[in-house]
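S.K.: Have a look at this one.
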Amino acid sequence: MNPKLVLYPSESLASVQKHFRSHYPFLKLAFYTKTHNELNGNNNKFICLDHTLLLSSFKLFETPILISLANNSTAWELEEQFKDYLDMGVQVFYKNRQIWLETTISDQKSLFELNERGRIAENDQNNPLPIEVPDYKELD
């Protein structure tokens, strides 16, 4: 059975991040008021810094929304689900030591693969995985 995020209108962005990290502890989600295209990042002027915002702030809905977190889902597929269901921009980041890398060129990598890269880099601080592609960097 594939894991899912069950999203409710009264749920905060912080709660969504917490539930997502329980499945993929070496990935994180950032939320934006505008969406982006595949292989691109979001413009930081649209980032939602207030994580107490409710999902209903982005789109009104009554029934829960199910977002697939299947291991073989790509970062882009996850971002597209948020765009399609909630009209909101979401960006997946993966960890490489103390640096968070925004998935841009790596949008087609699976959530499992990106999380594993983060896990390996975290557990081997002296020998982190090389960065294969020039994804955007964000300091932790």
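In the structure tokens, chains take the letters A, B, ... in the order shown, each chain's residues start at 1, and ligands count up from 1 in the order shown.
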Mind the document's chain letters and residue numbers, and return as an NGL selection string the residues of range 38-114 of chain A that DSSP labels helix (DSSP H, G or I).

M.R.: :A and (44-46 or 55-57 or 75-86 or 105-108 or 111-114)

S.K.: Return the single residue from A:Leu27, A:Thr52, A:Ser73, A:Thr33 that is closest to Leu13 in chain A, with distances computed using only C-alpha atoms.

M.R.: A:Thr52

S.K.: Using only C-alpha atoms, which residues sit within 12 Å of Gln81 in chain A once same-chain residues fewer than 6 positions away are excluded, as number ranges by chain?

M.R.: A: 4-5, 7, 35, 65-69, 73-75, 87-91

S.K.: Please, could you write that set of residues out with N, CA and C atoms as a short mmCIF file (atom, residue, chain, number, x, y, z; two decimals), in the first residue's frame?

M.R.:
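That gives us selection25.cif:
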```cif
data_model
loop_
_atom_site.label_atom_id
_atom_site.label_comp_id
_atom_site.auth_asym_id
_atom_site.auth_seq_id
_atom_site.Cartn_x
_atom_site.Cartn_y
_atom_site.Cartn_z
N LYS A 4 0.14 7.97 1.75
CA LYS A 4 -0.57 9.14 1.23
C LYS A 4 -0.59 10.22 2.29
N LEU A 5 -0.66 11.45 1.84
CA LEU A 5 -0.97 12.57 2.71
C LEU A 5 -2.47 12.78 2.59
N LEU A 7 -5.14 15.46 3.28
CA LEU A 7 -5.16 16.89 3.55
C LEU A 7 -6.57 17.37 3.84
N THR A 35 2.77 28.79 -8.74
CA THR A 35 3.31 27.50 -9.16
C THR A 35 4.49 27.72 -10.11
N ILE A 65 -8.37 15.68 0.67
CA ILE A 65 -7.61 15.47 -0.57
C ILE A 65 -6.52 14.45 -0.26
N LEU A 66 -6.39 13.47 -1.14
CA LEU A 66 -5.35 12.45 -0.98
C LEU A 66 -4.21 12.74 -1.94
N ILE A 67 -3.01 12.89 -1.38
CA ILE A 67 -1.79 13.12 -2.16
C ILE A 67 -0.94 11.87 -2.04
N SER A 68 -0.60 11.28 -3.17
CA SER A 68 0.21 10.06 -3.17
C SER A 68 1.66 10.36 -2.82
N LEU A 69 2.21 9.53 -1.96
CA LEU A 69 3.63 9.62 -1.57
C LEU A 69 4.36 8.33 -1.94
N SER A 73 7.10 7.74 -6.99
CA SER A 73 6.63 9.05 -7.47
C SER A 73 7.82 9.99 -7.54
N THR A 74 7.85 10.80 -8.57
CA THR A 74 8.94 11.76 -8.70
C THR A 74 8.62 13.03 -7.92
N ALA A 75 9.65 13.83 -7.69
CA ALA A 75 9.45 15.11 -7.02
C ALA A 75 8.46 15.95 -7.82
N ASP A 87 -4.10 24.35 -6.14
CA ASP A 87 -3.67 25.60 -6.80
C ASP A 87 -2.54 26.28 -6.04
N MET A 88 -1.64 25.49 -5.49
CA MET A 88 -0.53 26.07 -4.75
C MET A 88 0.78 25.53 -5.27
N GLY A 89 1.81 26.35 -5.14
CA GLY A 89 3.15 25.91 -5.53
C GLY A 89 3.82 25.19 -4.38
N VAL A 90 4.43 24.07 -4.69
CA VAL A 90 5.19 23.30 -3.70
C VAL A 90 6.52 22.94 -4.35
N GLN A 91 7.55 23.00 -3.56
CA GLN A 91 8.88 22.62 -4.04
C GLN A 91 9.45 21.58 -3.09
#
```

S.K.: Counting only C-alpha atoms, what is within 8 Å of Phe112 in chain A, bar same-chain residues fewer than 2 positions away, as a PDB file with C-alpha atoms, in the first residue's frame?

M.R.:
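Written file, result_27.pdb:
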```
ATOM      1  CA  TYR A  24      10.605  11.089   3.956  1.00  0.00           C
ATOM      2  CA  ASN A  71       8.290   5.675  -3.352  1.00  0.00           C
ATOM      3  CA  ASN A  72       8.433   5.682  -7.136  1.00  0.00           C
ATOM      4  CA  SER A 110      11.869   9.475  -7.210  1.00  0.00           C
ATOM      5  CA  LEU A 114      16.094  11.660  -3.182  1.00  0.00           C
ATOM      6  CA  ASN A 115      15.426  10.609   0.419  1.00  0.00           C
ATOM      7  CA  GLU A 116      18.097   7.898   0.211  1.00  0.00           C
TER       8      GLU A 116
END
```

S.K.: Which distance in Å separates CA of Tyr32 in chain A and CA of Cys48 in chain A, to one decimal?

M.R.: 5.3 Å

S.K.: Grab the CA of Ala70 in chain A to CA of Ile120 in chain A distance for me, in Å with one decimal place.

M.R.: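 Value for the CA of Ala70 in chain A-CA of Ile120 in chain A distance: 20.0 Å.
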
S.K.: CA of Ser12 in chain A to CA of Asn96 in chain A: how many Å, to one decimal?

M.R.: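 Between CA of Ser12 in chain A and CA of Asn96 in chain A the gap is 26.8 Å.
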
S.K.: Applying 9 Å and only C-alpha atoms, which residues near Lys28 in chain A remain after dropping the ones on its own chain fewer than 4 positions away? List them as a ChimeraX atom specification.

M.R.: /A:17-18,20-21,24,91-95,100
